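**Q** I'm passing along input-v6.csv; it holds CSV, C-alpha atoms.
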chain,number,residue,atom,x,y,z
A,1,MET,CA,-104.5,-83.3,-275.5
A,2,LEU,CA,-102.0,-84.5,-278.2
A,3,THR,CA,-102.7,-83.3,-281.7
A,4,LEU,CA,-103.1,-86.0,-284.4
A,5,ALA,CA,-99.7,-85.2,-285.9
A,6,ARG,CA,-97.9,-85.5,-282.5
A,7,GLN,CA,-99.8,-88.7,-281.7
A,8,GLN,CA,-98.7,-90.1,-285.1
A,9,GLN,CA,-95.1,-89.2,-284.4
A,10,SER,CA,-95.2,-90.8,-281.0
A,11,GLY,CA,-96.9,-93.9,-282.4
A,12,SER,CA,-99.7,-93.7,-279.9
A,13,ILE,CA,-102.4,-93.5,-282.6
A,14,ASP,CA,-103.4,-96.8,-284.1
A,15,ASP,CA,-104.4,-97.7,-287.7
A,16,HIS,CA,-108.1,-97.6,-287.0
A,17,GLN,CA,-107.9,-94.1,-285.6
A,18,LEU,CA,-105.9,-93.0,-288.6
A,19,LEU,CA,-108.5,-94.6,-290.9
A,20,ALA,CA,-111.4,-92.9,-289.0
A,21,ALA,CA,-109.6,-89.5,-289.2
A,22,SER,CA,-109.0,-90.0,-293.0
A,23,ALA,CA,-112.7,-90.8,-293.5
A,24,ALA,CA,-113.5,-87.5,-291.7
A,25,GLY,CA,-111.4,-85.7,-294.3
A,26,ASP,CA,-108.0,-85.5,-292.6
A,27,GLU,CA,-105.5,-86.1,-295.4
A,28,ARG,CA,-102.6,-86.1,-292.9
A,29,ALA,CA,-104.1,-89.1,-291.3
A,30,PHE,CA,-104.2,-90.9,-294.6
A,31,ALA,CA,-100.6,-89.9,-295.2
A,32,GLY,CA,-99.8,-91.4,-291.8
A,33,LEU,CA,-101.2,-94.7,-292.9
A,34,VAL,CA,-99.2,-94.6,-296.1
A,35,ALA,CA,-96.0,-93.7,-294.3
A,36,ARG,CA,-96.6,-96.5,-291.8
A,37,HIS,CA,-97.4,-99.3,-294.3
A,38,GLY,CA,-96.2,-98.2,-297.7
A,39,GLU,CA,-92.7,-99.6,-297.5
A,40,MET,CA,-94.0,-103.0,-296.2
A,41,VAL,CA,-96.6,-103.2,-299.1
A,42,ARG,CA,-94.0,-102.4,-301.6
A,43,ALA,CA,-91.4,-104.8,-300.2
A,44,VAL,CA,-93.9,-107.7,-300.1
A,45,ALA,CA,-95.1,-106.9,-303.7
A,46,LEU,CA,-91.5,-106.6,-304.9
A,47,ARG,CA,-90.4,-110.0,-303.6
A,48,PHE,CA,-93.7,-111.6,-304.6
A,49,THR,CA,-93.6,-110.5,-308.2
A,50,ASN,CA,-89.8,-109.9,-308.5
A,51,ASP,CA,-90.7,-106.9,-310.7
A,52,GLY,CA,-90.1,-103.3,-309.7
A,53,THR,CA,-92.7,-101.8,-312.0
A,54,ALA,CA,-95.4,-104.3,-311.0
A,55,SER,CA,-94.7,-103.7,-307.3
A,56,GLU,CA,-95.0,-99.9,-307.7
A,57,ASP,CA,-98.4,-100.5,-309.5
A,58,ILE,CA,-99.5,-102.8,-306.7
A,59,VAL,CA,-98.6,-100.3,-304.0
A,60,GLN,CA,-100.6,-97.6,-305.8
A,61,GLU,CA,-103.6,-99.9,-306.2
A,62,VAL,CA,-103.5,-101.1,-302.5
A,63,PHE,CA,-103.7,-97.5,-301.2
A,64,TRP,CA,-106.3,-96.5,-303.7
A,65,LYS,CA,-108.4,-99.4,-302.2
A,66,VAL,CA,-107.7,-98.1,-298.7
A,67,TRP,CA,-108.8,-94.6,-299.7
A,68,GLN,CA,-112.0,-96.0,-301.3
A,69,LYS,CA,-112.7,-98.1,-298.2
A,70,ARG,CA,-111.8,-95.5,-295.6
A,71,GLU,CA,-115.4,-94.5,-294.8
A,72,THR,CA,-116.9,-98.0,-294.8
A,73,TRP,CA,-114.1,-100.2,-293.4
A,74,ASP,CA,-114.9,-101.5,-290.0
A,75,GLY,CA,-113.1,-104.9,-290.0
A,76,ASP,CA,-116.4,-106.4,-288.7
A,77,GLY,CA,-115.4,-105.0,-285.3
A,78,LYS,CA,-112.6,-107.5,-284.8
A,79,ALA,CA,-110.2,-107.7,-287.8
A,80,ARG,CA,-107.1,-105.6,-287.7
A,81,PHE,CA,-106.4,-103.1,-290.4
A,82,SER,CA,-103.0,-104.7,-291.1
A,83,THR,CA,-104.6,-108.1,-291.6
A,84,TRP,CA,-107.0,-106.6,-294.2
A,85,LEU,CA,-104.1,-104.7,-295.8
A,86,TYR,CA,-102.0,-107.9,-296.1
A,87,ARG,CA,-105.0,-109.7,-297.8
A,88,VAL,CA,-105.5,-106.8,-300.3
A,89,THR,CA,-101.8,-106.7,-301.1
A,90,LEU,CA,-101.6,-110.5,-301.6
A,91,ASN,CA,-104.7,-110.6,-303.8
A,92,LEU,CA,-103.3,-107.9,-306.0
A,93,CYS,CA,-100.0,-109.6,-306.2
A,94,ILE,CA,-101.7,-112.9,-307.2
A,95,ASP,CA,-103.8,-111.1,-309.8
A,96,ARG,CA,-100.8,-109.5,-311.2
A,97,SER,CA,-98.8,-112.7,-311.4
A,98,ARG,CA,-101.7,-114.5,-313.1
A,99,LYS,CA,-101.9,-111.7,-315.7
A,100,HIS,CA,-98.2,-111.8,-316.2
A,101,LYS,CA,-98.2,-115.6,-316.6
A,102,ALA,CA,-101.0,-115.4,-319.2
A,103,ARG,CA,-99.2,-112.6,-321.0
A,104,SER,CA,-95.8,-114.3,-321.1
A,105,TRP,CA,-97.5,-117.4,-322.4
A,106,PHE,CA,-98.1,-115.4,-325.6
A,107,THR,CA,-95.0,-113.2,-325.6
A,108,GLY,CA,-92.4,-115.5,-324.1
A,109,PRO,CA,-90.5,-114.9,-320.8
A,110,THR,CA,-89.4,-111.4,-320.0
A,111,GLU,CA,-85.9,-110.6,-318.8
A,112,ASN,CA,-85.4,-110.5,-315.1
A,113,ALA,CA,-84.3,-107.0,-314.0
A,114,ASP,CA,-82.3,-108.4,-311.1
A,115,LEU,CA,-80.4,-110.8,-313.3
A,116,VAL,CA,-79.6,-108.1,-315.7
A,117,ALA,CA,-78.4,-105.9,-312.9
A,118,ALA,CA,-76.4,-108.8,-311.5
A,119,ALA,CA,-74.4,-109.1,-314.7
A,120,GLU,CA,-73.1,-105.5,-314.2
A,121,PRO,CA,-70.1,-105.3,-311.9
A,122,GLY,CA,-70.7,-103.5,-308.7
A,123,PRO,CA,-68.2,-102.0,-306.3
A,124,GLU,CA,-69.5,-103.6,-303.1
A,125,GLN,CA,-70.4,-107.1,-304.2
A,126,SER,CA,-68.8,-109.5,-306.5
A,127,THR,CA,-70.7,-110.2,-309.7
A,128,ARG,CA,-71.1,-113.9,-308.6
A,129,ALA,CA,-72.7,-112.9,-305.3
A,130,ARG,CA,-75.0,-110.5,-307.0
A,131,GLU,CA,-76.0,-113.1,-309.5
A,132,GLU,CA,-76.7,-115.7,-306.8
A,133,LEU,CA,-78.8,-113.1,-304.9
A,134,ALA,CA,-80.8,-112.5,-308.0
A,135,LEU,CA,-81.3,-116.3,-308.5
A,136,VAL,CA,-82.5,-116.7,-304.9
A,137,ARG,CA,-85.0,-113.8,-305.5
A,138,ALA,CA,-86.2,-115.5,-308.6
A,139,ASP,CA,-86.6,-118.7,-306.6
A,140,ILE,CA,-88.7,-116.8,-304.0
A,141,ALA,CA,-90.9,-115.5,-306.8
A,142,ASP,CA,-91.3,-119.0,-308.1
A,143,LEU,CA,-92.5,-120.5,-304.8
A,144,PRO,CA,-96.1,-121.7,-304.5
A,145,VAL,CA,-98.5,-118.8,-303.7
A,146,LYS,CA,-99.4,-119.8,-300.1
A,147,GLN,CA,-95.8,-120.6,-299.2
A,148,LYS,CA,-94.6,-117.4,-300.7
A,149,ALA,CA,-97.3,-115.3,-299.0
A,150,ALA,CA,-96.6,-116.8,-295.6
A,151,LEU,CA,-92.8,-116.4,-296.0
A,152,LEU,CA,-93.0,-112.8,-297.1
A,153,LEU,CA,-95.5,-111.7,-294.5
A,154,SER,CA,-93.4,-113.3,-291.8
A,155,ALA,CA,-90.0,-112.2,-293.0
A,156,ILE,CA,-90.8,-108.8,-294.5
A,157,ALA,CA,-93.9,-107.6,-292.7
A,158,GLY,CA,-92.9,-109.2,-289.5
A,159,ALA,CA,-96.5,-110.3,-289.0
A,160,PRO,CA,-97.2,-112.9,-286.3
A,161,ASN,CA,-98.3,-116.3,-287.6
A,162,ALA,CA,-101.8,-115.9,-286.2
A,163,GLU,CA,-102.3,-112.8,-288.3
A,164,ILE,CA,-100.8,-114.4,-291.4
A,165,ALA,CA,-103.2,-117.3,-290.8
A,166,GLN,CA,-106.1,-114.9,-290.7
A,167,SER,CA,-105.0,-113.1,-293.8
A,168,LEU,CA,-104.6,-116.4,-295.8
A,169,ASP,CA,-107.7,-118.1,-294.3
A,170,VAL,CA,-105.7,-121.0,-293.0
A,171,THR,CA,-104.7,-122.4,-289.6
A,172,VAL,CA,-101.6,-121.3,-287.7
A,173,GLY,CA,-100.2,-124.7,-288.2
A,174,ALA,CA,-100.5,-124.4,-291.9
A,175,VAL,CA,-98.7,-121.1,-291.8
A,176,GLU,CA,-95.8,-122.6,-289.9
A,177,GLN,CA,-95.6,-125.5,-292.4
A,178,ALA,CA,-95.8,-123.2,-295.4
A,179,ILE,CA,-92.9,-121.0,-294.1
A,180,SER,CA,-90.8,-124.0,-293.3
A,181,ARG,CA,-91.5,-125.6,-296.7
A,182,ALA,CA,-90.7,-122.4,-298.5
A,183,ARG,CA,-87.3,-122.1,-296.7
A,184,ARG,CA,-86.6,-125.7,-297.4
A,185,THR,CA,-87.3,-125.3,-301.1
A,186,LEU,CA,-85.1,-122.2,-301.3
A,187,ARG,CA,-82.3,-124.1,-299.5
A,188,ASP,CA,-82.6,-127.1,-301.8
A,189,LYS,CA,-82.5,-125.0,-304.9
A,190,ARG,CA,-79.5,-123.1,-303.6
A,191,GLN,CA,-77.7,-126.3,-302.7
A,192,ALA,CA,-78.5,-127.9,-306.0
A,193,ARG,CA,-76.9,-124.9,-307.8
A,194,GLU,CA,-73.8,-125.2,-305.6
A,195,GLY,CA,-73.5,-128.8,-306.6
A,196,ASP,CA,-73.6,-128.0,-310.3
B,1,MET,CA,-83.6,-134.9,-287.6
B,2,ASP,CA,-81.8,-132.3,-289.7
B,3,LYS,CA,-79.4,-130.5,-287.3
B,4,LYS,CA,-79.3,-127.4,-289.5
B,5,LYS,CA,-83.0,-126.8,-288.7
B,6,ILE,CA,-82.4,-126.3,-285.0
B,7,GLY,CA,-78.9,-124.8,-285.2
B,8,ARG,CA,-77.9,-121.2,-285.9
B,9,PRO,CA,-78.7,-119.9,-289.4
B,10,ASP,CA,-75.9,-120.9,-291.8
B,11,ARG,CA,-74.5,-119.2,-294.9
B,12,ILE,CA,-77.5,-120.3,-297.1
B,13,ASP,CA,-80.1,-119.1,-294.5
B,14,ARG,CA,-78.3,-115.8,-294.3
B,15,GLN,CA,-78.3,-115.5,-298.1
B,16,ILE,CA,-82.0,-116.3,-298.2
B,17,ASP,CA,-82.6,-113.6,-295.6
B,18,ARG,CA,-80.5,-111.1,-297.6
B,19,ALA,CA,-82.5,-112.0,-300.8
B,20,LEU,CA,-85.8,-111.3,-298.9
B,21,ARG,CA,-84.6,-107.8,-297.8
B,22,VAL,CA,-85.7,-104.8,-299.8
B,23,GLU,CA,-84.1,-101.3,-299.7
B,24,PRO,CA,-86.6,-98.8,-298.5
B,25,ALA,CA,-87.8,-96.3,-301.1
B,26,GLY,CA,-88.0,-93.5,-298.5
B,27,ALA,CA,-90.3,-90.5,-298.3
B,28,ALA,CA,-90.6,-90.4,-302.1
B,29,LEU,CA,-92.8,-93.5,-302.0
B,30,THR,CA,-95.3,-91.9,-299.7
B,31,GLY,CA,-95.3,-88.8,-302.0
B,32,ARG,CA,-96.0,-90.9,-305.1
B,33,ILE,CA,-98.8,-92.8,-303.4
B,34,LEU,CA,-100.5,-89.7,-302.1
B,35,GLU,CA,-100.2,-88.0,-305.5
B,36,ASN,CA,-101.7,-91.0,-307.2
B,37,VAL,CA,-104.6,-91.2,-304.8
B,38,ARG,CA,-105.3,-87.5,-305.1
B,39,THR,CA,-105.3,-87.7,-308.9
B,40,ARG,CA,-107.6,-90.7,-309.0
B,41,ALA,CA,-110.0,-89.3,-306.3
B,42,SER,CA,-110.4,-86.0,-308.2
B,43,ARG,CA,-110.8,-87.8,-311.5
B,44,ASN,CA,-113.5,-90.0,-309.9
B,45,ALA,CA,-115.3,-87.0,-308.5
B,46,LEU,CA,-115.3,-85.4,-311.9
B,47,LEU,CA,-116.6,-88.5,-313.6
B,48,THR,CA,-119.4,-88.8,-311.1
B,49,ARG,CA,-120.4,-85.2,-311.6
B,50,ILE,CA,-120.4,-85.7,-315.4
B,51,SER,CA,-121.9,-89.2,-315.5
B,52,ARG,CA,-124.9,-88.6,-313.1
B,53,PRO,CA,-126.8,-86.2,-315.2
B,54,PHE,CA,-125.8,-88.1,-318.3
B,55,LEU,CA,-127.1,-91.4,-316.9
B,56,ALA,CA,-130.3,-89.6,-315.7
B,57,THR,CA,-130.9,-88.3,-319.2
B,58,ILE,CA,-130.3,-91.7,-320.8
B,59,GLY,CA,-132.4,-93.4,-318.1
B,60,SER,CA,-135.4,-91.1,-318.6
B,61,ALA,CA,-135.2,-91.6,-322.3
B,62,ILE,CA,-135.4,-95.4,-321.7
B,63,ALA,CA,-138.3,-94.9,-319.3
B,64,THR,CA,-140.1,-92.8,-321.8
B,65,SER,CA,-139.7,-95.4,-324.4
B,66,ILE,CA,-140.9,-98.1,-322.1
B,67,ALA,CA,-143.9,-96.0,-321.2
B,68,GLY,CA,-144.6,-95.3,-324.9
B,69,LEU,CA,-144.4,-99.0,-325.6
B,70,GLY,CA,-146.9,-99.6,-322.8
B,71,TYR,CA,-149.2,-97.0,-324.2
B,72,PHE,CA,-148.8,-98.6,-327.6
B,73,ALA,CA,-149.6,-102.0,-326.2
B,74,GLY,CA,-152.7,-100.6,-324.5
B,75,THR,CA,-154.0,-99.2,-327.8
B,76,LEU,CA,-153.5,-102.5,-329.6
B,77,ASP,CA,-156.1,-105.1,-329.9
B,78,PHE,CA,-156.2,-108.5,-328.3
B,79,SER,CA,-154.5,-110.6,-331.0
B,80,LEU,CA,-151.0,-109.1,-330.9
B,81,PHE,CA,-150.2,-110.0,-327.3
B,82,ASP,CA,-151.4,-113.4,-326.2
B,83,ILE,CA,-149.6,-113.3,-322.9
B,84,GLY,CA,-152.4,-112.3,-320.8
B,85,GLY,CA,-153.9,-109.4,-322.7
B,86,SER,CA,-152.4,-106.2,-324.1
B,87,SER,CA,-153.9,-104.1,-321.3
B,88,ASP,CA,-152.0,-106.2,-318.7
B,89,LEU,CA,-148.8,-105.7,-320.6
B,90,SER,CA,-149.4,-101.9,-320.9
B,91,ILE,CA,-149.9,-101.7,-317.1
B,92,LEU,CA,-146.7,-103.7,-316.6
B,93,LEU,CA,-144.7,-101.5,-318.9
B,94,PHE,CA,-146.0,-98.3,-317.3
B,95,GLU,CA,-145.1,-99.7,-313.9
B,96,ASP,CA,-141.6,-100.5,-315.1
B,97,ALA,CA,-141.1,-97.1,-316.5
B,98,GLN,CA,-142.3,-95.5,-313.2
B,99,ASN,CA,-139.9,-97.7,-311.2
B,100,LEU,CA,-137.0,-96.8,-313.5
B,101,LEU,CA,-137.8,-93.1,-313.1
B,102,GLU,CA,-138.0,-93.5,-309.3
B,103,ILE,CA,-134.6,-95.2,-309.2
B,104,LEU,CA,-133.1,-92.5,-311.3
Starting from the file, lay out its structure as structure tokens.

**A**
Amino acid sequence: MLTLARQQQSGSIDDHQLLAASAAGDERAFAGLVARHGEMVRAVALRFTNDGTASEDIVQEVFWKVWQKRETWDGDGKARFSTWLYRVTLNLCIDRSRKHKARSWFTGPTENADLVAAAEPGPEQSTRAREELALVRADIADLPVKQKAALLLSAIAGAPNAEIAQSLDVTVGAVEQAISRARRTLRDKRQAREGD
Amino acid sequence: MDKKKIGRPDRIDRQIDRALRVEPAGAALTGRILENVRTRASRNALLTRISRPFLATIGSAIATSIAGLGYFAGTLDFSLFDIGGSSDLSILLFEDAQNLLEIL
């Protein structure tokens, strides 16, 4: 019989088994879940908020919730762990964005780290290209919540549309439409800048 | 129909995909998450250990006060409590105090 560590390495152990093992006190199993999903959660949070510090906080909060739920989570017998994880991640991203909006209403807009970085010359990319990349990232962060969520789960997490639909509580058709609208908006904004 | 939609991704599509990409944080990220969870879990355990006896003490003080009030209501005469008699009220308060103690 394979040990948990070897099963993890070979990928033969699924999320539910890792969660069950974590609930039984196996910290390596929990570490396995973090290693498997941590980068995805961070990447979604980073592109959602366009804020490195916020995304780090969100990642910590998401896995703290996983830890707290490890003994009771059952997915109602049918939900996938990843679907639940996407939902938790998005909810925290939305909460964070709301708080940020409310705060910036009082304090004024904060400087975008990407744009600041783009102003500094880099060896591998021209300043103009870096600037444009930062602007597209800001455009992504400005998308309507559902469109942004669908686009990020599809492009970053590689989630199938059916799972995205479950996470967002919408139909598969609505997910397809949201992704296509998001890309169209990003294209339009980019083209409008080119025309300036 | 927009030909670009069905054609190969163009320069702008590629730029959008590049903007979506995130450099992986590597193993350090896993380490930070685990450290954070460990710290919060042990802090929670400590708080639970401290707060349970504290809550029990506060709770029993409240229960004693309610019971005392019930006793007081029982000793009072009719005129003070016109909501069904002072003895009913004292029974009610004694029961509440007992329930509270059971919960604790």

**Q** Using only C-alpha atoms and a cut-off of 7 Å, which residues of chain B sit close to chain A? Please list them as a ChimeraX atom specification.

**A** /B:12,16,19-20,22,24-25,30,33-34,36-37

**Q** How many Å lie between CA of Ser167 in chain A and CA of Tyr86 in chain A, rounded to one decimal?

**A**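 It comes out at 6.4 Å.
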
**Q** Looking at all atoms listed in the file, which of A:Val88, A:Glu131, A:Gln17, A:Gly195 is the one that sits closest to Val41 in chain A?

**A**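 Looking at the shortest contact to Val41 in chain A, the residue is A:Val88.
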
**Q** Find, counting all atoms listed in the file, the residue in A:Gln177, A:Ala165, A:Ser55, A:Ala23 that gets nearest to Leu29 in chain B.

**A** A:Ser55

**Q** What is the CA of Val172 in chain A-CA of Ser154 in chain A distance in Å, reported with one decimal?

**A**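 Going from CA of Val172 in chain A over to CA of Ser154 in chain A, I get 12.2 Å.
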
**Q** Could you state the separation of CA of Trp84 in chain A and CA of Arg38 in chain B in Å, given to one decimal place?

**A**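 These two atoms are separated by 22.1 Å.
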
**Q** With only C-alpha atoms as the counted atoms, please give the residues lying no more than 9 Å from range 95-97 of chain A, apart from itself and same-chain residues fewer than 2 positions off, as a list in words.

**A** Phe48, Thr49, Ala54, Ile58, Leu90, Asn91, Leu92, Cys93, Lys99, His100, Lys101 and Ala102 of chain A

**Q** Can you tell me which residues surround Ala20 in chain A at a distance of at most 10 Å, considering only C-alpha atoms, apart from same-chain residues fewer than 4 positions away, and format the answer as a list in words?

**A**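 Non-adjacent residues within range: Asp15, His16, Ala24, Gly25, Asp26, Ala29, Phe30, Arg70, Glu71, Thr72, Trp73 and Asp74 of chain A.
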
**Q** Near Ala150 in chain A, within 9 Å and counting only C-alpha atoms, which residues show up once chain neighbours fewer than 4 positions away are dropped, as a PDB file with C-alpha atoms, in the coordinates of the input?

**A**
ATOM      1  CA  VAL A 145     -98.500-118.800-303.700  1.00  0.00           C
ATOM      2  CA  LYS A 146     -99.400-119.800-300.100  1.00  0.00           C
ATOM      3  CA  SER A 154     -93.400-113.300-291.800  1.00  0.00           C
ATOM      4  CA  ALA A 155     -90.000-112.200-293.000  1.00  0.00           C
ATOM      5  CA  ASN A 161     -98.300-116.300-287.600  1.00  0.00           C
ATOM      6  CA  ILE A 164    -100.800-114.400-291.400  1.00  0.00           C
ATOM      7  CA  ALA A 165    -103.200-117.300-290.800  1.00  0.00           C
ATOM      8  CA  LEU A 168    -104.600-116.400-295.800  1.00  0.00           C
ATOM      9  CA  VAL A 175     -98.700-121.100-291.800  1.00  0.00           C
ATOM     10  CA  GLU A 176     -95.800-122.600-289.900  1.00  0.00           C
ATOM     11  CA  ALA A 178     -95.800-123.200-295.400  1.00  0.00           C
ATOM     12  CA  ILE A 179     -92.900-121.000-294.100  1.00  0.00           C
ATOM     13  CA  ALA A 182     -90.700-122.400-298.500  1.00  0.00           C
TER      14      ALA A 182
END

**Q** Measuring between only C-alpha atoms, which one of A:Ile94, A:Leu19, A:Leu153, A:Ala141 shows the shortest distance to Lys69 in chain A?

**A**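 Using only C-alpha atoms, the shortest distance to Lys69 in chain A belongs to A:Leu19.
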